[in-house]
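Heads up, upload_1.pdb below (PDB, C-alpha atoms and all ligand atoms):
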ATOM      1  CA  MET A   1       0.000   0.000   0.000  1.00  0.00           C
ATOM      2  CA  ASN A   2       1.243   3.424  -0.898  1.00  0.00           C
ATOM      3  CA  SER A   3       2.147   5.371   2.231  1.00  0.00           C
ATOM      4  CA  HIS A   4       2.964   8.736   0.740  1.00  0.00           C
ATOM      5  CA  LYS A   5       0.389  11.305  -0.255  1.00  0.00           C
ATOM      6  CA  SER A   6       1.440  13.571  -3.092  1.00  0.00           C
ATOM      7  CA  ILE A   7       0.506  17.239  -2.816  1.00  0.00           C
ATOM      8  CA  SER A   8       1.340  19.610  -5.663  1.00  0.00           C
ATOM      9  CA  VAL A   9       2.122  22.841  -3.830  1.00  0.00           C
ATOM     10  CA  ALA A  10       3.347  25.111  -6.610  1.00  0.00           C
ATOM     11  CA  ASP A  11       4.633  24.793 -10.152  1.00  0.00           C
ATOM     12  CA  GLY A  12       7.114  21.888 -10.024  1.00  0.00           C
ATOM     13  CA  VAL A  13       7.041  21.668  -6.223  1.00  0.00           C
ATOM     14  CA  TYR A  14       5.724  18.332  -4.935  1.00  0.00           C
ATOM     15  CA  PHE A  15       5.260  17.573  -1.263  1.00  0.00           C
ATOM     16  CA  TYR A  16       5.297  13.850  -0.447  1.00  0.00           C
ATOM     17  CA  LEU A  17       3.556  13.537   2.839  1.00  0.00           C
ATOM     18  CA  TRP A  18       4.485  10.401   4.791  1.00  0.00           C
ATOM     19  CA  VAL A  19       1.275   8.800   6.040  1.00  0.00           C
ATOM     20  CA  GLY A  20       2.784   5.423   6.887  1.00  0.00           C
ATOM     21  CA  GLN A  21       3.308   4.150  10.405  1.00  0.00           C
ATOM     22  CA  SER A  22       7.041   3.583  10.604  1.00  0.00           C
ATOM     23  CA  MET A  23       9.820   6.080  11.222  1.00  0.00           C
ATOM     24  CA  ASN A  24      10.287   8.218   8.127  1.00  0.00           C
ATOM     25  CA  CYS A  25       9.871  11.840   7.027  1.00  0.00           C
ATOM     26  CA  ASN A  26       8.031  13.919   4.468  1.00  0.00           C
ATOM     27  CA  SER A  27       9.953  14.514   1.256  1.00  0.00           C
ATOM     28  CA  VAL A  28       9.930  17.351  -1.286  1.00  0.00           C
ATOM     29  CA  VAL A  29      10.724  17.111  -4.989  1.00  0.00           C
ATOM     30  CA  LEU A  30      11.587  20.078  -7.180  1.00  0.00           C
ATOM     31  CA  ALA A  31      10.658  18.610 -10.538  1.00  0.00           C
ATOM     32  CA  HIS A  32      12.614  19.483 -13.680  1.00  0.00           C
ATOM     33  CA  ALA A  33      14.569  22.042 -11.668  1.00  0.00           C
ATOM     34  CA  LEU A  34      18.064  21.161 -12.864  1.00  0.00           C
ATOM     35  CA  ALA A  35      19.596  21.525 -16.294  1.00  0.00           C
ATOM     36  CA  GLY A  36      20.739  18.212 -17.760  1.00  0.00           C
ATOM     37  CA  GLU A  37      19.555  14.612 -17.943  1.00  0.00           C
ATOM     38  CA  LYS A  38      18.814  14.167 -14.224  1.00  0.00           C
ATOM     39  CA  PRO A  39      16.534  17.117 -13.608  1.00  0.00           C
ATOM     40  CA  HIS A  40      14.879  16.473 -10.256  1.00  0.00           C
ATOM     41  CA  VAL A  41      15.947  17.662  -6.809  1.00  0.00           C
ATOM     42  CA  LEU A  42      14.929  15.429  -3.902  1.00  0.00           C
ATOM     43  CA  ILE A  43      14.946  17.013  -0.450  1.00  0.00           C
ATOM     44  CA  ASP A  44      15.098  14.538   2.460  1.00  0.00           C
ATOM     45  CA  PRO A  45      14.840  11.048   0.917  1.00  0.00           C
ATOM     46  CA  GLY A  46      13.773   9.401   4.186  1.00  0.00           C
ATOM     47  CA  MET A  47      14.472   5.744   4.949  1.00  0.00           C
ATOM     48  CA  THR A  48      14.777   2.560   2.951  1.00  0.00           C
ATOM     49  CA  ASP A  49      13.403   0.329   5.695  1.00  0.00           C
ATOM     50  CA  GLY A  50      10.609   0.793   8.136  1.00  0.00           C
ATOM     51  CA  PHE A  51       8.647  -1.745  10.071  1.00  0.00           C
ATOM     52  CA  PRO A  52       8.633  -5.164   8.393  1.00  0.00           C
ATOM     53  CA  GLY A  53       6.718  -4.854   5.160  1.00  0.00           C
ATOM     54  CA  SER A  54       7.115  -1.082   5.067  1.00  0.00           C
ATOM     55  CA  GLU A  55       9.641   0.262   2.587  1.00  0.00           C
ATOM     56  CA  PRO A  56       9.343   4.035   2.655  1.00  0.00           C
ATOM     57  CA  LEU A  57      11.733   4.744  -0.216  1.00  0.00           C
ATOM     58  CA  ASP A  58       9.868   2.378  -2.545  1.00  0.00           C
ATOM     59  CA  SER A  59       6.654   4.059  -1.471  1.00  0.00           C
ATOM     60  CA  LEU A  60       8.146   7.469  -2.269  1.00  0.00           C
ATOM     61  CA  ALA A  61       9.282   6.227  -5.687  1.00  0.00           C
ATOM     62  CA  ALA A  62       5.786   4.858  -6.377  1.00  0.00           C
ATOM     63  CA  SER A  63       4.169   8.117  -5.321  1.00  0.00           C
ATOM     64  CA  MET A  64       6.576  10.122  -7.487  1.00  0.00           C
ATOM     65  CA  ALA A  65       5.731   7.835 -10.408  1.00  0.00           C
ATOM     66  CA  THR A  66       2.069   8.834 -10.138  1.00  0.00           C
ATOM     67  CA  ASP A  67       3.285  12.381 -10.849  1.00  0.00           C
ATOM     68  CA  GLY A  68       5.358  11.179 -13.802  1.00  0.00           C
ATOM     69  CA  LEU A  69       8.636  11.557 -11.903  1.00  0.00           C
ATOM     70  CA  LYS A  70      11.303   8.827 -11.694  1.00  0.00           C
ATOM     71  CA  ILE A  71      13.595   8.526  -8.719  1.00  0.00           C
ATOM     72  CA  GLU A  72      16.260   7.425 -11.215  1.00  0.00           C
ATOM     73  CA  ASP A  73      16.046  10.945 -12.672  1.00  0.00           C
ATOM     74  CA  VAL A  74      17.015  12.663  -9.424  1.00  0.00           C
ATOM     75  CA  GLY A  75      20.181  14.658 -10.029  1.00  0.00           C
ATOM     76  CA  MET A  76      20.590  16.139  -6.572  1.00  0.00           C
ATOM     77  CA  VAL A  77      19.660  15.003  -3.088  1.00  0.00           C
ATOM     78  CA  ILE A  78      19.605  17.686  -0.406  1.00  0.00           C
ATOM     79  CA  GLY A  79      19.454  16.792   3.266  1.00  0.00           C
ATOM     80  CA  THR A  80      17.927  19.363   5.609  1.00  0.00           C
ATOM     81  CA  HIS A  81      19.860  17.468   8.269  1.00  0.00           C
ATOM     82  CA  CYS A  82      21.233  13.967   8.559  1.00  0.00           C
ATOM     83  CA  HIS A  83      18.996  12.277  11.133  1.00  0.00           C
ATOM     84  CA  PRO A  84      18.202   8.716   9.965  1.00  0.00           C
ATOM     85  CA  ASP A  85      14.502   9.339   9.379  1.00  0.00           C
ATOM     86  CA  HIS A  86      15.432  12.022   6.815  1.00  0.00           C
ATOM     87  CA  PHE A  87      18.685  10.844   5.327  1.00  0.00           C
ATOM     88  CA  GLN A  88      19.229   7.097   5.761  1.00  0.00           C
ATOM     89  CA  ALA A  89      18.028   6.349   2.201  1.00  0.00           C
ATOM     90  CA  VAL A  90      20.528   8.664   0.537  1.00  0.00           C
ATOM     91  CA  ASP A  91      22.978   5.902  -0.419  1.00  0.00           C
ATOM     92  CA  GLU A  92      20.212   3.926  -2.100  1.00  0.00           C
ATOM     93  CA  VAL A  93      18.934   6.985  -3.993  1.00  0.00           C
ATOM     94  CA  VAL A  94      22.476   7.633  -5.210  1.00  0.00           C
ATOM     95  CA  ARG A  95      22.780   3.975  -6.235  1.00  0.00           C
ATOM     96  CA  ARG A  96      19.560   4.194  -8.265  1.00  0.00           C
ATOM     97  CA  SER A  97      20.132   7.609  -9.810  1.00  0.00           C
ATOM     98  CA  GLY A  98      23.777   8.643  -9.582  1.00  0.00           C
ATOM     99  CA  ALA A  99      22.604  11.855  -7.923  1.00  0.00           C
ATOM    100  CA  ARG A 100      24.982  14.289  -6.289  1.00  0.00           C
ATOM    101  CA  VAL A 101      24.413  15.096  -2.646  1.00  0.00           C
ATOM    102  CA  ALA A 102      24.308  18.378  -0.746  1.00  0.00           C
ATOM    103  CA  LEU A 103      24.454  18.740   3.020  1.00  0.00           C
ATOM    104  CA  SER A 104      25.655  21.443   5.355  1.00  0.00           C
ATOM    105  CA  GLU A 105      29.227  21.118   6.548  1.00  0.00           C
ATOM    106  CA  VAL A 106      28.185  20.816  10.185  1.00  0.00           C
ATOM    107  CA  GLU A 107      25.768  17.993   9.365  1.00  0.00           C
ATOM    108  CA  TYR A 108      28.387  16.154   7.335  1.00  0.00           C
ATOM    109  CA  ASP A 109      30.859  16.419  10.200  1.00  0.00           C
ATOM    110  CA  PHE A 110      28.217  14.901  12.477  1.00  0.00           C
ATOM    111  CA  LEU A 111      27.497  12.113   9.991  1.00  0.00           C
ATOM    112  CA  LYS A 112      31.169  11.137   9.802  1.00  0.00           C
ATOM    113  CA  GLY A 113      31.590  11.290  13.564  1.00  0.00           C
ATOM    114  CA  ASP A 114      28.962  10.885  16.269  1.00  0.00           C
ATOM    115  CA  GLY A 115      26.350  10.165  13.600  1.00  0.00           C
ATOM    116  CA  ARG A 116      27.629   6.603  13.235  1.00  0.00           C
ATOM    117  CA  GLY A 117      26.721   5.770  16.791  1.00  0.00           C
ATOM    118  CA  PHE A 118      23.445   7.650  16.461  1.00  0.00           C
ATOM    119  CA  TYR A 119      22.453   5.610  13.409  1.00  0.00           C
ATOM    120  CA  GLY A 120      23.566   2.493  15.232  1.00  0.00           C
ATOM    121  CA  SER A 121      21.156   3.266  18.063  1.00  0.00           C
ATOM    122  CA  PHE A 122      18.364   2.966  15.485  1.00  0.00           C
ATOM    123  CA  GLY A 123      19.732  -0.353  14.262  1.00  0.00           C
ATOM    124  CA  THR A 124      20.944   0.979  10.942  1.00  0.00           C
ATOM    125  CA  ALA A 125      24.247   2.070   9.422  1.00  0.00           C
ATOM    126  CA  ALA A 126      25.127   5.679   8.667  1.00  0.00           C
ATOM    127  CA  PRO A 127      25.239   6.584   4.961  1.00  0.00           C
ATOM    128  CA  THR A 128      28.701   6.532   3.437  1.00  0.00           C
ATOM    129  CA  VAL A 129      28.011   9.018   0.662  1.00  0.00           C
ATOM    130  CA  VAL A 130      30.392  11.952   0.334  1.00  0.00           C
ATOM    131  CA  PRO A 131      28.523  15.196  -0.410  1.00  0.00           C
ATOM    132  CA  SER A 132      29.707  16.968  -3.523  1.00  0.00           C
ATOM    133  CA  ILE A 133      28.281  20.226  -2.206  1.00  0.00           C
ATOM    134  CA  LEU A 134      28.535  21.562   1.329  1.00  0.00           C
ATOM    135  CA  LEU A 135      25.672  23.963   1.826  1.00  0.00           C
ATOM    136  CA  HIS A 136      26.204  27.456   3.146  1.00  0.00           C
ATOM    137  CA  GLU A 137      23.824  30.289   3.849  1.00  0.00           C
ATOM    138  CA  GLY A 138      22.759  31.966   0.606  1.00  0.00           C
ATOM    139  CA  THR A 139      21.480  31.228  -2.873  1.00  0.00           C
ATOM    140  CA  LEU A 140      22.019  27.604  -3.909  1.00  0.00           C
ATOM    141  CA  ASP A 141      24.351  27.176  -6.842  1.00  0.00           C
ATOM    142  CA  ILE A 142      23.685  23.580  -7.913  1.00  0.00           C
ATOM    143  CA  GLY A 143      22.921  23.979 -11.608  1.00  0.00           C
ATOM    144  CA  PHE A 144      19.295  25.066 -11.507  1.00  0.00           C
ATOM    145  CA  SER A 145      17.609  25.625 -14.832  1.00  0.00           C
ATOM    146  CA  ASN A 146      16.040  28.959 -15.646  1.00  0.00           C
ATOM    147  CA  GLY A 147      13.239  30.048 -13.381  1.00  0.00           C
ATOM    148  CA  TRP A 148      14.479  28.341 -10.221  1.00  0.00           C
ATOM    149  CA  LYS A 149      15.990  30.259  -7.343  1.00  0.00           C
ATOM    150  CA  VAL A 150      16.403  28.605  -3.983  1.00  0.00           C
ATOM    151  CA  ASP A 151      18.018  30.067  -0.888  1.00  0.00           C
ATOM    152  CA  ALA A 152      19.573  27.986   1.874  1.00  0.00           C
ATOM    153  CA  LEU A 153      19.196  29.208   5.432  1.00  0.00           C
ATOM    154  CA  ILE A 154      21.301  27.645   8.145  1.00  0.00           C
ATOM    155  CA  ALA A 155      18.765  27.247  10.945  1.00  0.00           C
ATOM    156  CA  PRO A 156      20.288  25.535  13.997  1.00  0.00           C
ATOM    157  CA  GLY A 157      18.222  24.455  16.967  1.00  0.00           C
ATOM    158  CA  HIS A 158      17.016  20.946  16.151  1.00  0.00           C
ATOM    159  CA  THR A 159      20.557  20.113  15.022  1.00  0.00           C
ATOM    160  CA  PRO A 160      23.547  22.488  14.756  1.00  0.00           C
ATOM    161  CA  GLY A 161      23.657  22.358  10.948  1.00  0.00           C
ATOM    162  CA  SER A 162      19.988  22.155   9.987  1.00  0.00           C
ATOM    163  CA  VAL A 163      19.159  23.810   6.687  1.00  0.00           C
ATOM    164  CA  CYS A 164      15.844  25.279   5.572  1.00  0.00           C
ATOM    165  CA  LEU A 165      15.224  25.969   1.896  1.00  0.00           C
ATOM    166  CA  TYR A 166      13.294  28.982   0.690  1.00  0.00           C
ATOM    167  CA  LEU A 167      11.806  29.289  -2.783  1.00  0.00           C
ATOM    168  CA  LYS A 168      11.264  32.997  -3.107  1.00  0.00           C
ATOM    169  CA  ASP A 169       9.091  32.937  -6.234  1.00  0.00           C
ATOM    170  CA  SER A 170       6.593  30.373  -4.983  1.00  0.00           C
ATOM    171  CA  LYS A 171       7.019  31.499  -1.344  1.00  0.00           C
ATOM    172  CA  VAL A 172       7.621  27.940  -0.210  1.00  0.00           C
ATOM    173  CA  LEU A 173       9.658  27.190   2.909  1.00  0.00           C
ATOM    174  CA  VAL A 174      11.015  23.658   3.265  1.00  0.00           C
ATOM    175  CA  SER A 175      11.568  23.664   6.986  1.00  0.00           C
ATOM    176  CA  GLY A 176      12.945  20.214   7.836  1.00  0.00           C
ATOM    177  CA  ASP A 177      12.577  19.598  11.550  1.00  0.00           C
ATOM    178  CA  VAL A 178      12.831  23.258  12.577  1.00  0.00           C
ATOM    179  CA  VAL A 179       9.171  24.256  12.404  1.00  0.00           C
ATOM    180  CA  PHE A 180       6.053  22.080  12.048  1.00  0.00           C
ATOM    181  CA  PRO A 181       2.358  22.945  11.877  1.00  0.00           C
ATOM    182  CA  GLY A 182       1.791  24.241  15.404  1.00  0.00           C
ATOM    183  CA  SER A 183       5.029  22.820  16.712  1.00  0.00           C
ATOM    184  CA  ILE A 184       8.829  22.819  16.520  1.00  0.00           C
ATOM    185  CA  GLY A 185      11.532  20.165  16.377  1.00  0.00           C
ATOM    186  CA  ARG A 186      12.895  18.592  19.529  1.00  0.00           C
ATOM    187  CA  MET A 187      16.037  20.138  20.921  1.00  0.00           C
ATOM    188  CA  ASP A 188      17.159  17.526  23.406  1.00  0.00           C
ATOM    189  CA  PHE A 189      19.626  15.455  21.404  1.00  0.00           C
ATOM    190  CA  THR A 190      22.382  15.581  18.760  1.00  0.00           C
ATOM    191  CA  GLY A 191      23.378  19.150  19.499  1.00  0.00           C
ATOM    192  CA  GLY A 192      19.952  20.728  19.820  1.00  0.00           C
ATOM    193  CA  SER A 193      19.753  24.202  21.339  1.00  0.00           C
ATOM    194  CA  VAL A 194      16.793  26.185  22.647  1.00  0.00           C
ATOM    195  CA  SER A 195      18.466  29.571  22.143  1.00  0.00           C
ATOM    196  CA  ALA A 196      19.557  28.690  18.601  1.00  0.00           C
ATOM    197  CA  MET A 197      16.041  27.435  17.837  1.00  0.00           C
ATOM    198  CA  ARG A 198      14.492  30.671  19.112  1.00  0.00           C
ATOM    199  CA  GLU A 199      16.745  32.703  16.811  1.00  0.00           C
ATOM    200  CA  SER A 200      16.120  30.399  13.822  1.00  0.00           C
ATOM    201  CA  ILE A 201      12.351  30.662  14.282  1.00  0.00           C
ATOM    202  CA  ARG A 202      12.632  34.450  14.514  1.00  0.00           C
ATOM    203  CA  ARG A 203      14.622  34.618  11.268  1.00  0.00           C
ATOM    204  CA  LEU A 204      12.284  32.267   9.393  1.00  0.00           C
ATOM    205  CA  SER A 205       9.238  34.226  10.574  1.00  0.00           C
ATOM    206  CA  GLU A 206      10.541  37.277   8.692  1.00  0.00           C
ATOM    207  CA  LEU A 207      10.335  35.537   5.311  1.00  0.00           C
ATOM    208  CA  ASP A 208       7.381  36.044   2.984  1.00  0.00           C
ATOM    209  CA  VAL A 209       5.949  32.483   3.036  1.00  0.00           C
ATOM    210  CA  GLU A 210       2.753  30.942   1.631  1.00  0.00           C
ATOM    211  CA  HIS A 211       3.518  27.279   2.343  1.00  0.00           C
ATOM    212  CA  ILE A 212       5.552  25.611   5.080  1.00  0.00           C
ATOM    213  CA  LEU A 213       6.571  22.089   4.058  1.00  0.00           C
ATOM    214  CA  SER A 214       7.908  20.467   7.207  1.00  0.00           C
ATOM    215  CA  GLY A 215       9.710  17.214   7.805  1.00  0.00           C
ATOM    216  CA  HIS A 216       6.858  15.685   9.779  1.00  0.00           C
ATOM    217  CA  SER A 217       3.167  16.196  10.207  1.00  0.00           C
ATOM    218  CA  SER A 218       1.862  17.172  13.607  1.00  0.00           C
ATOM    219  CA  ALA A 219      -1.387  17.730  15.433  1.00  0.00           C
ATOM    220  CA  GLY A 220      -1.538  20.997  13.471  1.00  0.00           C
ATOM    221  CA  GLY A 221      -1.961  19.090  10.209  1.00  0.00           C
ATOM    222  CA  PRO A 222       0.182  18.073   7.264  1.00  0.00           C
ATOM    223  CA  LEU A 223       1.337  21.476   6.072  1.00  0.00           C
ATOM    224  CA  VAL A 224       0.692  25.152   6.667  1.00  0.00           C
ATOM    225  CA  SER A 225      -0.761  26.982   3.656  1.00  0.00           C
ATOM    226  CA  GLY A 226      -1.857  30.560   3.196  1.00  0.00           C
ATOM    227  CA  LYS A 227       0.036  33.638   4.320  1.00  0.00           C
ATOM    228  CA  ASN A 228      -2.251  34.301   7.287  1.00  0.00           C
ATOM    229  CA  ASN A 229      -1.928  30.723   8.523  1.00  0.00           C
ATOM    230  CA  VAL A 230       1.852  30.913   8.188  1.00  0.00           C
ATOM    231  CA  VAL A 231       1.971  34.130  10.216  1.00  0.00           C
ATOM    232  CA  ARG A 232      -0.300  32.577  12.817  1.00  0.00           C
ATOM    233  CA  ASN A 233       1.877  29.444  12.940  1.00  0.00           C
ATOM    234  CA  PHE A 234       4.982  31.489  13.702  1.00  0.00           C
ATOM    235  CA  GLN A 235       3.043  33.389  16.365  1.00  0.00           C
ATOM    236  CA  ILE A 236       2.032  30.093  18.009  1.00  0.00           C
ATOM    237  CA  VAL A 237       5.496  28.538  18.004  1.00  0.00           C
ATOM    238  CA  GLY A 238       6.997  31.857  19.107  1.00  0.00           C
ATOM    239  CA  THR A 239       5.147  31.477  22.408  1.00  0.00           C
ATOM    240  CA  PHE A 240       7.051  28.250  23.175  1.00  0.00           C
ATOM    241  CA  PHE A 241      10.158  30.128  24.312  1.00  0.00           C
TER     242      PHE A 241
HETATM  243 ZN    ZN B   1      15.489  15.354  12.888  1.00  0.00          ZN
END
Could you express the structure from this file as structure tokens?
Ligand SMILES: [Zn+2]
Amino acid sequence: MNSHKSISVADGVYFYLWVGQSMNCNSVVLAHALAGEKPHVLIDPGMTDGFPGSEPLDSLAASMATDGLKIEDVGMVIGTHCHPDHFQAVDEVVRRSGARVALSEVEYDFLKGDGRGFYGSFGTAAPTVVPSILLHEGTLDIGFSNGWKVDALIAPGHTPGSVCLYLKDSKVLVSGDVVFPGSIGRMDFTGGSVSAMRESIRRLSELDVEHILSGHSSAGGPLVSGKNNVVRNFQIVGTFF
């Protein structure tokens, strides 16, 4: 059974909402965003294995296929951060597609170091992929085709190197595990910080956003859409500090 729900958010922006039971995350695909033969960008591939019988990556691939998108045509995988539920499948996506990988430097350092033990605590091995791009704050330079402009914002708090992606034209914020509908990411492990989270939320709240695509659903729903709802969401999570 397919455990991702596809939501077309804006032109070429697909939100793959994880509605399965096992540990995994929501994914985002920027379709036909890159010049060249592998045109899709996949943000947060999730996991290959879930509970027995649940294979989240295969589910994602099946859901993408219903939108006419092949995981083999992914040219770039971006990790908002490298927690297993977001990033464990990256090696398999690279195996299927030959995609390049982008991750912030701080996240990659974690992956090579303490991340191994962290993955081990979930009974899985840390990815061995070497990112070809280390993300920094600012406009992404990864070979976008005309019409695509994506900014990376380093937004620590959930992890020290978490990245949010902002599509200025479509006013989409891919927020990873920083902000959720009515909630924020946990700050009590792998370098989380309450003060850094407060500052990241403040910075993100200043962006002009129509859609927040977060790494997980919450009691507040699957995604936040509409400028007024986005403003209200930042007001709600701002009261947590
Ligand atoms: Zn996380």
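Compared by their closest atoms to A:Ala35, and using only C-alpha atoms, the residues A:Met76, A:Val224, A:Cys82, A:Ala65 rank with A:Met76 nearest.
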Self-check item: Contact residues around stretch 142-153 of chain A with only C-alpha atoms at 12 Å, ignoring same-chain residues under 3 positions, as a ChimeraX atom specification
Solution: /A:11-13,30-41,75-80,99-104,132-139,156,161-176,178,200-201,203-204,207
Practice problem: List, as JSON, numbers by chain, every residue that the PyMOL selection byres (((not hetatm)) within 7 of (chain B and resi 1)) selects in the file provided. | Solution: {"A": [81, 83, 86, 158, 177]}
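The spacing separating atom CA of A:Val93 from atom CA of A:Val129 amounts to 10.4 Å.
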Practice problem: Find the spatial neighbours of A:Ser217, counting only C-alpha atoms, within a cut-off of 10 Å - ignore same-chain residues fewer than 6 positions away - and output them as a ChimeraX atom specification. | Solution: /A:17-19,25-26,180-183,223-224
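Nearest residue to A:Ala126, choosing from A:His216, A:Arg186, A:Lys112, A:His211 and counting all atoms listed in the file: A:Lys112.
Here atom CA of A:Thr190 stands at a distance of 12.9 Å from atom CA of A:Tyr108.
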Self-check item: atom CA of A:Phe241 to atom CA of A:Arg198, distance in Å rounded to a single decimal
Solution: 6.8 Å
Exercise. Would you mind listing what lies within 12 Å of A:Asn24 as a ChimeraX atom specification, with all atoms listed in the file counted and same-chain residues fewer than 2 positions away left out?
Key: /A:3-4,16-22,26-27,44-51,54-57,59-60,83-89,215-217
Keeping C-alpha atoms, export the residues of the selection given above as a compact mmCIF listing (two decimals), in the frame of the given file.
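Output file out03.txt follows:
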# COMPACT_ATOMS: atom_id res chain seq x y z
CA SER A 3 2.15 5.37 2.23
CA HIS A 4 2.96 8.74 0.74
CA TYR A 16 5.30 13.85 -0.45
CA LEU A 17 3.56 13.54 2.84
CA TRP A 18 4.49 10.40 4.79
CA VAL A 19 1.27 8.80 6.04
CA GLY A 20 2.78 5.42 6.89
CA GLN A 21 3.31 4.15 10.40
CA SER A 22 7.04 3.58 10.60
CA ASN A 26 8.03 13.92 4.47
CA SER A 27 9.95 14.51 1.26
CA ASP A 44 15.10 14.54 2.46
CA PRO A 45 14.84 11.05 0.92
CA GLY A 46 13.77 9.40 4.19
CA MET A 47 14.47 5.74 4.95
CA THR A 48 14.78 2.56 2.95
CA ASP A 49 13.40 0.33 5.70
CA GLY A 50 10.61 0.79 8.14
CA PHE A 51 8.65 -1.74 10.07
CA SER A 54 7.12 -1.08 5.07
CA GLU A 55 9.64 0.26 2.59
CA PRO A 56 9.34 4.04 2.66
CA LEU A 57 11.73 4.74 -0.22
CA SER A 59 6.65 4.06 -1.47
CA LEU A 60 8.15 7.47 -2.27
CA HIS A 83 19.00 12.28 11.13
CA PRO A 84 18.20 8.72 9.96
CA ASP A 85 14.50 9.34 9.38
CA HIS A 86 15.43 12.02 6.82
CA PHE A 87 18.68 10.84 5.33
CA GLN A 88 19.23 7.10 5.76
CA ALA A 89 18.03 6.35 2.20
CA GLY A 215 9.71 17.21 7.80
CA HIS A 216 6.86 15.68 9.78
CA SER A 217 3.17 16.20 10.21
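Among the candidate residues A:Ala10, A:Leu213, A:Ala155, A:Ile71, the one lying nearest to A:Leu42 is A:Ile71, with distances computed using all atoms listed in the file.
In terms of minimum interatomic distance to A:Ser205, A:Gly238 ranks closest within A:Gly123, A:Gly113, A:Gly238, A:Pro131, counting all atoms listed in the file.
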Quiz item: Taking only C-alpha atoms into account, which of A:Thr159, A:Thr239, A:Ser97, A:Ser8 comes nearest A:Met197?
Solution: A:Thr159
Skipping near chain neighbours, those fewer than 2 positions away, what residues fall within 6 Å of A:Tyr14 using all atoms listed in the file, listed as a short mmCIF file (atom, residue, chain, number, x, y, z; two decimals) with C-alpha atoms, keeping the file's coordinate frame?
data_model
loop_
_atom_site.label_atom_id
_atom_site.label_comp_id
_atom_site.auth_asym_id
_atom_site.auth_seq_id
_atom_site.Cartn_x
_atom_site.Cartn_y
_atom_site.Cartn_z
CA ILE A 7 0.51 17.24 -2.82
CA SER A 8 1.34 19.61 -5.66
CA VAL A 9 2.12 22.84 -3.83
CA VAL A 28 9.93 17.35 -1.29
CA VAL A 29 10.72 17.11 -4.99
#
